[in-house]
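Structure below is structure21.txt: compact mmCIF, C-alpha atoms.
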```
# COMPACT_ATOMS: atom_id res chain seq x y z
CA MET A 995 -28.85 23.18 1.16
CA THR A 996 -29.00 19.89 -0.75
CA ARG A 997 -30.27 16.72 0.89
CA PHE A 998 -28.48 13.45 0.12
CA GLU A 999 -29.41 9.93 1.10
CA PHE A 1000 -26.29 7.92 1.91
CA THR A 1001 -25.07 4.53 3.05
CA LYS A 1002 -22.04 4.08 5.28
CA MET A 1003 -20.14 0.79 4.84
CA HIS A 1004 -16.72 -0.57 5.67
CA GLY A 1005 -14.38 -3.38 4.74
CA LEU A 1006 -12.16 -4.20 7.72
CA GLY A 1007 -12.60 -0.69 9.10
CA ASN A 1008 -11.73 0.93 5.76
CA ASP A 1009 -14.88 3.07 5.62
CA PHE A 1010 -16.89 4.61 2.81
CA VAL A 1011 -19.79 6.97 2.25
CA ILE A 1012 -21.86 5.78 -0.70
CA VAL A 1013 -24.28 8.12 -2.49
CA ASP A 1014 -26.47 6.93 -5.36
CA GLY A 1015 -26.25 9.63 -8.03
CA ARG A 1016 -28.10 7.65 -10.70
CA ALA A 1017 -31.53 9.10 -9.93
CA GLY A 1018 -30.53 12.68 -9.13
CA ARG A 1019 -27.71 15.20 -9.25
CA PRO A 1020 -24.44 13.75 -7.91
CA PRO A 1021 -22.62 15.75 -5.22
CA SER A 1022 -20.08 18.41 -6.14
CA VAL A 1023 -16.46 18.20 -5.02
CA ALA A 1024 -17.17 20.74 -2.26
CA GLN A 1025 -20.11 18.65 -1.06
CA ILE A 1026 -17.99 15.51 -1.13
CA ARG A 1027 -15.40 17.22 1.06
CA ALA A 1028 -18.14 18.34 3.47
CA MET A 1029 -19.67 14.87 3.79
CA SER A 1030 -16.25 13.20 4.11
CA ASP A 1031 -15.27 15.38 7.08
CA ARG A 1032 -15.20 13.26 10.25
CA ARG A 1033 -16.05 16.17 12.57
CA ARG A 1034 -18.65 18.12 10.60
CA GLY A 1035 -19.94 15.52 8.15
CA ILE A 1036 -20.29 11.75 8.03
CA GLY A 1037 -16.62 10.84 7.72
CA CYS A 1038 -14.90 8.30 5.49
CA ASP A 1039 -11.65 7.12 3.98
CA GLN A 1040 -13.14 7.38 0.47
CA PHE A 1041 -16.37 8.77 -0.96
CA LEU A 1042 -18.14 6.63 -3.55
CA THR A 1043 -20.71 8.02 -5.99
CA LEU A 1044 -22.79 5.60 -8.03
CA ARG A 1045 -23.52 6.70 -11.59
CA ALA A 1046 -25.22 5.19 -14.61
CA PRO A 1047 -22.72 2.94 -16.44
CA THR A 1048 -21.38 4.01 -19.82
CA ASP A 1049 -21.98 0.55 -21.32
CA ALA A 1050 -24.29 -2.39 -20.75
CA GLY A 1051 -21.51 -4.62 -19.43
CA ALA A 1052 -21.56 -3.00 -15.98
CA ALA A 1053 -24.31 -2.65 -13.41
CA VAL A 1054 -23.08 0.73 -12.24
CA ARG A 1055 -20.26 3.21 -12.60
CA MET A 1056 -18.47 4.07 -9.37
CA ASP A 1057 -16.68 7.41 -8.99
CA ILE A 1058 -14.09 7.42 -6.19
CA HIS A 1059 -12.98 10.52 -4.32
CA ASN A 1060 -10.58 10.95 -1.43
CA PRO A 1061 -11.74 12.99 1.58
CA ASP A 1062 -10.01 16.08 0.15
CA GLY A 1063 -12.09 15.77 -3.03
CA SER A 1064 -9.28 14.48 -5.24
CA VAL A 1065 -10.04 11.61 -7.60
CA ALA A 1066 -8.88 8.07 -6.89
CA GLU A 1067 -8.73 5.56 -9.71
CA ALA A 1068 -9.26 2.37 -7.71
CA CYS A 1069 -10.52 1.25 -4.31
CA GLY A 1070 -10.62 -2.47 -3.63
CA ASN A 1071 -12.53 -2.49 -0.35
CA GLY A 1072 -14.90 0.18 -1.63
CA THR A 1073 -15.61 -1.90 -4.72
CA ARG A 1074 -16.38 -4.90 -2.52
CA CYS A 1075 -18.74 -2.82 -0.36
CA VAL A 1076 -20.64 -1.46 -3.37
CA ALA A 1077 -20.79 -4.98 -4.83
CA ALA A 1078 -22.29 -6.30 -1.59
CA LEU A 1079 -24.85 -3.50 -1.62
CA LEU A 1080 -25.86 -4.14 -5.24
CA MET A 1081 -26.03 -7.91 -4.72
CA GLU A 1082 -28.26 -7.43 -1.69
CA GLU A 1083 -30.58 -5.19 -3.68
CA SER A 1084 -30.77 -7.41 -6.76
CA GLY A 1085 -30.37 -10.87 -5.30
CA ALA A 1086 -27.57 -11.57 -7.80
CA ALA A 1087 -24.45 -13.50 -6.81
CA ALA A 1088 -22.17 -11.50 -9.13
CA VAL A 1089 -21.91 -7.94 -10.41
CA THR A 1090 -19.58 -5.87 -12.61
CA ILE A 1091 -18.64 -2.34 -11.53
CA GLU A 1092 -17.19 0.28 -13.88
CA THR A 1093 -14.33 2.41 -12.49
CA LEU A 1094 -11.52 4.55 -13.85
CA ALA A 1095 -9.31 1.49 -13.38
CA GLY A 1096 -11.57 -0.57 -15.65
CA HIS A 1097 -14.46 -2.99 -15.21
CA LEU A 1098 -14.17 -4.97 -11.96
CA ASP A 1099 -15.98 -8.30 -11.67
CA CYS A 1100 -17.24 -9.14 -8.18
CA ARG A 1101 -18.89 -12.22 -6.73
CA ARG A 1102 -20.18 -13.49 -3.41
CA ALA A 1103 -18.25 -16.53 -2.19
CA ASP A 1104 -19.87 -19.50 -0.47
CA ASP A 1105 -18.73 -18.20 2.93
CA GLY A 1106 -20.43 -14.86 2.31
CA GLN A 1107 -17.24 -12.91 1.68
CA ILE A 1108 -17.06 -10.63 -1.35
CA ALA A 1109 -14.33 -11.23 -3.92
CA VAL A 1110 -13.26 -8.76 -6.59
CA ASP A 1111 -11.03 -9.23 -9.61
CA MET A 1112 -8.86 -6.12 -9.52
CA GLY A 1113 -7.59 -6.84 -13.03
CA PRO A 1114 -3.98 -7.10 -14.20
CA VAL A 1115 -1.38 -5.16 -12.23
CA GLN A 1116 0.95 -2.57 -13.76
CA LEU A 1117 4.67 -3.24 -13.28
CA ALA A 1118 6.27 -0.94 -15.89
CA ALA A 1119 7.63 2.30 -14.46
CA ALA A 1120 5.67 4.49 -16.86
CA GLU A 1121 2.39 2.72 -16.11
CA ILE A 1122 2.57 2.87 -12.29
CA PRO A 1123 3.69 5.76 -12.80
CA LEU A 1124 7.25 6.48 -11.67
CA ALA A 1125 9.21 9.60 -12.53
CA GLU A 1126 12.22 7.61 -13.77
CA ASP A 1127 12.60 4.51 -15.91
CA VAL A 1128 13.87 2.19 -13.17
CA ASP A 1129 13.31 -1.42 -12.17
CA SER A 1130 9.99 -1.19 -10.34
CA ALA A 1131 10.91 -4.17 -8.13
CA HIS A 1132 13.73 -2.16 -6.55
CA VAL A 1133 13.09 1.58 -6.67
CA PRO A 1134 15.69 3.80 -4.99
CA LEU A 1135 14.37 6.89 -3.21
CA ALA A 1136 16.86 9.68 -2.61
CA ASP A 1137 16.58 11.75 0.58
CA ALA A 1138 13.79 9.53 1.95
CA PRO A 1139 13.40 7.79 5.32
CA TYR A 1140 13.06 4.43 3.50
CA SER A 1141 14.34 3.29 0.12
CA ASP A 1142 14.29 0.15 -2.06
CA ALA A 1143 10.54 0.28 -2.69
CA CYS A 1144 8.79 -2.38 -4.72
CA CYS A 1145 6.27 -0.41 -6.77
CA VAL A 1146 3.06 -1.80 -8.24
CA GLY A 1147 0.11 -0.26 -10.04
CA VAL A 1148 -3.29 -1.66 -9.09
CA GLY A 1149 -5.20 0.97 -11.01
CA ASN A 1150 -3.50 3.39 -8.59
CA PRO A 1151 0.18 3.70 -7.57
CA HIS A 1152 1.66 1.81 -4.60
CA ALA A 1153 5.11 1.71 -3.02
CA VAL A 1154 5.73 -1.32 -0.81
CA PHE A 1155 8.52 -1.40 1.77
CA PHE A 1156 9.51 -4.68 3.42
CA VAL A 1157 10.49 -4.32 7.07
CA ALA A 1158 11.23 -6.66 9.96
CA ASP A 1159 8.48 -5.15 12.14
CA ALA A 1160 5.58 -3.25 10.56
CA GLU A 1161 4.34 -2.19 14.01
CA ALA A 1162 7.57 -0.27 14.65
CA VAL A 1163 7.12 2.08 11.67
CA ASP A 1164 5.99 5.61 12.51
CA LEU A 1165 3.44 5.88 9.71
CA ALA A 1166 2.29 9.38 10.66
CA ALA A 1167 5.84 10.68 10.32
CA VAL A 1168 7.09 8.89 7.22
CA GLY A 1169 3.85 8.38 5.29
CA PRO A 1170 3.41 11.97 4.07
CA ARG A 1171 7.06 12.26 3.03
CA LEU A 1172 6.99 9.05 1.03
CA GLU A 1173 3.57 9.72 -0.54
CA THR A 1174 4.82 12.97 -2.06
CA HIS A 1175 8.34 11.86 -2.99
CA PRO A 1176 9.45 13.18 -6.42
CA MET A 1177 9.66 9.59 -7.70
CA PHE A 1178 5.85 9.45 -7.57
CA PRO A 1179 4.40 12.09 -9.94
CA ALA A 1180 0.82 11.05 -9.06
CA ARG A 1181 1.75 10.53 -5.39
CA ALA A 1182 1.59 6.99 -4.02
CA ASN A 1183 -0.05 4.79 -1.46
CA ILE A 1184 2.59 3.61 1.00
CA GLU A 1185 2.64 0.10 2.48
CA PHE A 1186 4.96 -1.32 5.13
CA VAL A 1187 4.98 -5.10 5.11
CA ALA A 1188 6.48 -7.77 7.34
CA VAL A 1189 6.68 -11.33 6.02
CA VAL A 1190 5.13 -13.70 8.56
CA GLY A 1191 5.42 -16.80 6.36
CA ARG A 1192 5.41 -18.03 2.77
CA ASP A 1193 1.66 -17.41 2.60
CA HIS A 1194 1.20 -14.72 5.25
CA LEU A 1195 1.93 -10.97 5.37
CA ARG A 1196 1.39 -8.22 7.95
CA MET A 1197 0.70 -4.83 6.32
CA ARG A 1198 0.15 -1.28 7.52
CA VAL A 1199 -0.77 1.52 5.16
CA TRP A 1200 -0.62 5.25 4.57
CA GLU A 1201 -3.19 5.99 1.87
CA ARG A 1202 -2.68 8.72 -0.68
CA ALA A 1203 -4.73 11.80 0.34
CA ALA A 1204 -6.38 9.90 3.20
CA GLY A 1205 -3.58 9.12 5.66
CA ILE A 1206 -3.49 6.13 8.00
CA THR A 1207 -6.41 3.77 7.41
CA GLN A 1208 -7.46 0.48 8.98
CA ALA A 1209 -7.19 -1.34 5.68
CA CYS A 1210 -6.52 -0.79 1.98
CA GLY A 1211 -7.64 -3.40 -0.50
CA SER A 1212 -5.54 -2.26 -3.44
CA GLY A 1213 -2.62 -1.89 -1.02
CA ALA A 1214 -3.03 -5.49 0.11
CA CYS A 1215 -3.02 -6.54 -3.56
CA ALA A 1216 0.12 -4.51 -4.24
CA SER A 1217 1.84 -5.97 -1.17
CA ALA A 1218 1.03 -9.54 -2.23
CA VAL A 1219 2.35 -8.91 -5.74
CA ALA A 1220 5.48 -7.21 -4.38
CA ALA A 1221 6.20 -10.11 -2.01
CA ALA A 1222 5.84 -12.63 -4.82
CA ARG A 1223 8.06 -10.55 -7.12
CA ARG A 1224 10.76 -10.48 -4.47
CA GLY A 1225 10.48 -14.25 -3.96
CA LEU A 1226 9.36 -13.82 -0.36
CA THR A 1227 6.02 -15.63 -0.77
CA GLY A 1228 4.00 -17.60 -3.26
CA ARG A 1229 1.22 -16.05 -5.33
CA ALA A 1230 -1.57 -16.69 -2.79
CA VAL A 1231 -1.31 -15.04 0.63
CA THR A 1232 -3.28 -13.93 3.64
CA VAL A 1233 -2.71 -10.27 4.50
CA ASP A 1234 -3.31 -9.07 8.06
CA LEU A 1235 -4.17 -5.36 8.25
CA ASP A 1236 -4.99 -3.19 11.24
CA GLY A 1237 -8.70 -3.80 10.62
CA GLY A 1238 -8.68 -7.50 9.77
CA ARG A 1239 -7.71 -10.05 7.15
CA LEU A 1240 -7.86 -10.22 3.34
CA HIS A 1241 -7.04 -13.11 1.04
CA ILE A 1242 -5.10 -12.23 -2.12
CA THR A 1243 -4.29 -14.38 -5.14
CA TRP A 1244 -2.08 -13.15 -7.98
CA ARG A 1245 -3.06 -15.37 -10.87
CA ASP A 1246 -0.78 -16.43 -13.70
CA ASP A 1247 -2.66 -14.05 -16.05
CA ASP A 1248 -1.56 -11.14 -13.77
CA HIS A 1249 -5.10 -10.55 -12.46
CA VAL A 1250 -5.30 -10.08 -8.70
CA ILE A 1251 -8.26 -11.51 -6.79
CA MET A 1252 -9.08 -10.06 -3.37
CA ALA A 1253 -11.62 -11.56 -0.96
CA GLY A 1254 -12.80 -10.44 2.46
CA PRO A 1255 -15.79 -9.34 4.54
CA THR A 1256 -17.91 -6.20 4.21
CA ALA A 1257 -20.27 -4.58 6.68
CA LEU A 1258 -23.10 -2.04 6.66
CA SER A 1259 -22.59 0.61 9.33
CA PHE A 1260 -25.69 2.76 8.89
CA SER A 1261 -27.80 4.70 6.38
CA GLY A 1262 -29.28 8.18 6.62
CA VAL A 1263 -29.80 11.58 5.10
CA ILE A 1264 -27.64 14.68 5.37
CA ASP A 1265 -28.14 18.32 4.35
CA VAL A 1266 -25.08 19.83 2.72
CA PRO A 1267 -24.54 23.45 1.58
CA GLY A 1268 -24.43 24.07 -2.16
CA ALA A 1269 -26.43 22.95 -5.15
```
Could the structure of this file be written out as structure tokens, please?
Amino acid sequence: MTRFEFTKMHGLGNDFVIVDGRAGRPPSVAQIRAMSDRRRGIGCDQFLTLRAPTDAGAAVRMDIHNPDGSVAEACGNGTRCVAALLMEESGAAAVTIETLAGHLDCRRADDGQIAVDMGPVQLAAAEIPLAEDVDSAHVPLADAPYSDACCVGVGNPHAVFFVADAEAVDLAAVGPRLETHPMFPARANIEFVAVVGRDHLRMRVWERAAGITQACGSGACASAVAAARRGLTGRAVTVDLDGGRLHITWRDDDHVIMAGPTALSFSGVIDVPGA
């Protein structure tokens, strides 16, 4: 058995197990799966391992895994949670976190919310990625329960579907089919979005390899960008998710800024099989 100290945090109910692997051996994929299990472990939407950064420009490197042990490139709410943790420890008002999606700059706003610059979005089909060279603002999906997706890369792939009523969508039924559609060679996060107003969206999400979650930060970013691309909103919107509210701004330089609350659930230790 290996003993790990952990911290459990969430952003709008989007929950994370955070393990600091800088001082000792980081968990294996099998151990990550065990700790991510909601019945036999701690349970989470994503598992975050802190590592020593590869350059001096970042305070920490953050490895992101889905509950099944697969790697995720980006996690907006997870980044905000880790940033809040690091700021609390150091007393700093800003921190840079290294991820597979690049270096993400985070800061604490005057109201206490944590904002993260998710960087420039990817709109080219090959960068998202999509299996075909199509217009990413209107992606046709053959033999799928929904089509005409607006696809956006936010360090990870997203397919956004605009609907009249997001509550009416059976996410559990259509999410898995859309996530694994042949158009998405790396699978995709699936968002269903209703436009409430020119600066207001309602979003529900099926996350790649995680299923239905209360919130998805990168998904909220993708939805805001998709709505602006379609001319449905401006470039600054409030996004209501099942777990709460995020504020998204798509700047003119293509960087997306996301701000919202974070919360500490609990900390503890767990013994996990394996070495």
Ranking A:Asp1164, A:Asp1137, A:Asp1105, A:Asp1248 by minimum distance to Val1219 (chain A) and counting only C-alpha atoms, which one comes first?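 Among the listed residues, A:Asp1248 lies closest to Val1219 (chain A).
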Compile the contact shell of Ala1188 (chain A) as a PyMOL selection string: residues with an atom at most 9 Å away, counting all atoms listed in the file, same-chain residues fewer than 3 positions apart removed. chain A and resi 1155-1161+1194-1197
C-alpha atoms of the current selection, written as an mmCIF file, in the frame of the given file:
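Ended up saving to out_27.cif:
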```cif
data_model
loop_
_atom_site.group_PDB
_atom_site.id
_atom_site.type_symbol
_atom_site.label_atom_id
_atom_site.label_comp_id
_atom_site.auth_asym_id
_atom_site.auth_seq_id
_atom_site.Cartn_x
_atom_site.Cartn_y
_atom_site.Cartn_z
ATOM 1 C CA PHE A 1155 8.520 -1.400 1.770
ATOM 2 C CA PHE A 1156 9.510 -4.680 3.420
ATOM 3 C CA VAL A 1157 10.490 -4.320 7.070
ATOM 4 C CA ALA A 1158 11.230 -6.660 9.960
ATOM 5 C CA ASP A 1159 8.480 -5.150 12.140
ATOM 6 C CA ALA A 1160 5.580 -3.250 10.560
ATOM 7 C CA GLU A 1161 4.340 -2.190 14.010
ATOM 8 C CA HIS A 1194 1.200 -14.720 5.250
ATOM 9 C CA LEU A 1195 1.930 -10.970 5.370
ATOM 10 C CA ARG A 1196 1.390 -8.220 7.950
ATOM 11 C CA MET A 1197 0.700 -4.830 6.320
#
```
Residues near Cys1215 (chain A), anyone? I mean within 12 Å using all atoms listed in the file, not counting same-chain ones fewer than 5 positions away, as a ChimeraX atom specification. /A:1068-1071,1110-1116,1145-1154,1183,1185,1187,1195,1197,1209-1210,1220-1222,1229-1235,1240-1245,1248-1253
Emit the selected residues as a compact mmCIF listing (two decimals), in the frame of the given file, including C-alpha atoms.
```
# COMPACT_ATOMS: atom_id res chain seq x y z
CA ALA A 1068 -9.26 2.37 -7.71
CA CYS A 1069 -10.52 1.25 -4.31
CA GLY A 1070 -10.62 -2.47 -3.63
CA ASN A 1071 -12.53 -2.49 -0.35
CA VAL A 1110 -13.26 -8.76 -6.59
CA ASP A 1111 -11.03 -9.23 -9.61
CA MET A 1112 -8.86 -6.12 -9.52
CA GLY A 1113 -7.59 -6.84 -13.03
CA PRO A 1114 -3.98 -7.10 -14.20
CA VAL A 1115 -1.38 -5.16 -12.23
CA GLN A 1116 0.95 -2.57 -13.76
CA CYS A 1145 6.27 -0.41 -6.77
CA VAL A 1146 3.06 -1.80 -8.24
CA GLY A 1147 0.11 -0.26 -10.04
CA VAL A 1148 -3.29 -1.66 -9.09
CA GLY A 1149 -5.20 0.97 -11.01
CA ASN A 1150 -3.50 3.39 -8.59
CA PRO A 1151 0.18 3.70 -7.57
CA HIS A 1152 1.66 1.81 -4.60
CA ALA A 1153 5.11 1.71 -3.02
CA VAL A 1154 5.73 -1.32 -0.81
CA ASN A 1183 -0.05 4.79 -1.46
CA GLU A 1185 2.64 0.10 2.48
CA VAL A 1187 4.98 -5.10 5.11
CA LEU A 1195 1.93 -10.97 5.37
CA MET A 1197 0.70 -4.83 6.32
CA ALA A 1209 -7.19 -1.34 5.68
CA CYS A 1210 -6.52 -0.79 1.98
CA ALA A 1220 5.48 -7.21 -4.38
CA ALA A 1221 6.20 -10.11 -2.01
CA ALA A 1222 5.84 -12.63 -4.82
CA ARG A 1229 1.22 -16.05 -5.33
CA ALA A 1230 -1.57 -16.69 -2.79
CA VAL A 1231 -1.31 -15.04 0.63
CA THR A 1232 -3.28 -13.93 3.64
CA VAL A 1233 -2.71 -10.27 4.50
CA ASP A 1234 -3.31 -9.07 8.06
CA LEU A 1235 -4.17 -5.36 8.25
CA LEU A 1240 -7.86 -10.22 3.34
CA HIS A 1241 -7.04 -13.11 1.04
CA ILE A 1242 -5.10 -12.23 -2.12
CA THR A 1243 -4.29 -14.38 -5.14
CA TRP A 1244 -2.08 -13.15 -7.98
CA ARG A 1245 -3.06 -15.37 -10.87
CA ASP A 1248 -1.56 -11.14 -13.77
CA HIS A 1249 -5.10 -10.55 -12.46
CA VAL A 1250 -5.30 -10.08 -8.70
CA ILE A 1251 -8.26 -11.51 -6.79
CA MET A 1252 -9.08 -10.06 -3.37
CA ALA A 1253 -11.62 -11.56 -0.96
```
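Computed from the coordinates, the CA of Gly1191 (chain A) to CA of Ala1118 (chain A) distance equals 27.3 Å.
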Excluding Ala1166 (chain A) and residues on its chain fewer than 3 positions from it, collect all residues at most 8 Å away from it, counting all atoms listed in the file, and give them as a compact mmCIF listing (two decimals) with C-alpha atoms, keeping the file's coordinate frame.
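For reference, result-v6.txt as written:
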```
# COMPACT_ATOMS: atom_id res chain seq x y z
CA GLY A 1169 3.85 8.38 5.29
CA PRO A 1170 3.41 11.97 4.07
CA TRP A 1200 -0.62 5.25 4.57
CA GLY A 1205 -3.58 9.12 5.66
CA ILE A 1206 -3.49 6.13 8.00
```
Using only C-alpha atoms: which of A:Ile1012, A:Ile1108, A:Met1177, A:Cys1075 has the shortest distance to Ala1136 (chain A): A:Met1177
Find the distance between CA of Ala1214 (chain A) and CA of Ser1261 (chain A) and write it in Å to one decimal. 27.5 Å
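CA of Tyr1140 (chain A) lies 8.3 Å from CA of Val1168 (chain A).
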Quick one: residues within 8 Å of Pro1255 (chain A), all atoms listed in the file counted, chain neighbours fewer than 4 positions away excluded, as a list in words?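 Residues near the query, excluding close chain neighbours: Gly1005, Leu1006, Gly1106, Gln1107 and Ile1108 of chain A.
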Listed atoms of region 1153-1160 of chain A boxed axis-aligned with 6 Å per side, centre + edges as lines of an AutoDock Vina configuration file:
```
center_x = 8.2
center_y = -2.5
center_z = 4.6
size_x = 18.1
size_y = 20.4
size_z = 27.2
```
Using all atoms listed in the file, can you tell me which of A:Val1013, A:Thr1048, A:Ala1218, A:Leu1124 comes closest to Leu1079 (chain A)? A:Val1013
Pro1021 (chain A) proximity check over A:Glu1092, A:Asp1057, A:Glu1201, A:Asp1049, using only C-alpha atoms: winner is A:Asp1057
Contacts of Arg1202 (chain A) at 8 Å (all atoms listed in the file; same-chain gap of 4+ positions) as a VMD selection string: chain A and resid 1173 1181 to 1184
Distance cut-off 9 Å, centre (-19.6, 23.5, 2.4) in file coordinates, counting all atoms listed in the file: which residues qualify? Return them as a PyMOL selection string. chain A and resi 1024-1029+1266-1268
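Distances to Ser1217 (chain A) were evaluated for A:Val1189, A:Leu1098, A:Met1056, A:Ile1122 using only C-alpha atoms, and the minimum falls at A:Val1189.
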Just need region 1120-1132 of chain A in a file, please: N, CA and C atoms, as an mmCIF file, in the first residue's frame.
```cif
data_model
loop_
_atom_site.group_PDB
_atom_site.id
_atom_site.type_symbol
_atom_site.label_atom_id
_atom_site.label_comp_id
_atom_site.auth_asym_id
_atom_site.auth_seq_id
_atom_site.Cartn_x
_atom_site.Cartn_y
_atom_site.Cartn_z
ATOM 1 N N ALA A 1120 -7.843 21.125 -37.901
ATOM 2 C CA ALA A 1120 -6.729 20.238 -37.556
ATOM 3 C C ALA A 1120 -6.240 20.457 -36.139
ATOM 4 N N GLU A 1121 -6.438 21.661 -35.605
ATOM 5 C CA GLU A 1121 -5.928 21.974 -34.274
ATOM 6 C C GLU A 1121 -6.883 21.532 -33.176
ATOM 7 N N ILE A 1122 -8.164 21.404 -33.473
ATOM 8 C CA ILE A 1122 -9.158 21.123 -32.412
ATOM 9 C C ILE A 1122 -8.969 19.755 -31.750
ATOM 10 N N PRO A 1123 -8.820 18.586 -32.387
ATOM 11 C CA PRO A 1123 -8.816 18.327 -33.816
ATOM 12 C C PRO A 1123 -10.153 17.728 -34.293
ATOM 13 N N LEU A 1124 -10.399 17.909 -35.602
ATOM 14 C CA LEU A 1124 -11.519 17.263 -36.272
ATOM 15 C C LEU A 1124 -10.971 16.308 -37.325
ATOM 16 N N ALA A 1125 -11.753 15.296 -37.643
ATOM 17 C CA ALA A 1125 -11.293 14.276 -38.585
ATOM 18 C C ALA A 1125 -11.323 14.758 -40.024
ATOM 19 N N GLU A 1126 -12.103 15.811 -40.302
ATOM 20 C CA GLU A 1126 -12.220 16.337 -41.660
ATOM 21 C C GLU A 1126 -11.942 17.832 -41.656
ATOM 22 N N ASP A 1127 -11.491 18.344 -42.776
ATOM 23 C CA ASP A 1127 -11.198 19.764 -42.918
ATOM 24 C C ASP A 1127 -12.489 20.500 -43.258
ATOM 25 N N VAL A 1128 -13.265 20.818 -42.226
ATOM 26 C CA VAL A 1128 -14.550 21.478 -42.398
ATOM 27 C C VAL A 1128 -14.538 22.800 -41.644
ATOM 28 N N ASP A 1129 -15.547 23.618 -41.899
ATOM 29 C CA ASP A 1129 -15.727 24.867 -41.171
ATOM 30 C C ASP A 1129 -16.092 24.527 -39.725
ATOM 31 N N SER A 1130 -15.209 24.858 -38.789
ATOM 32 C CA SER A 1130 -15.440 24.441 -37.403
ATOM 33 C C SER A 1130 -16.626 25.150 -36.756
ATOM 34 N N ALA A 1131 -17.117 26.232 -37.372
ATOM 35 C CA ALA A 1131 -18.286 26.925 -36.825
ATOM 36 C C ALA A 1131 -19.585 26.197 -37.123
ATOM 37 N N HIS A 1132 -19.547 25.317 -38.132
ATOM 38 C CA HIS A 1132 -20.738 24.537 -38.505
ATOM 39 C C HIS A 1132 -20.272 23.157 -38.938
#
```
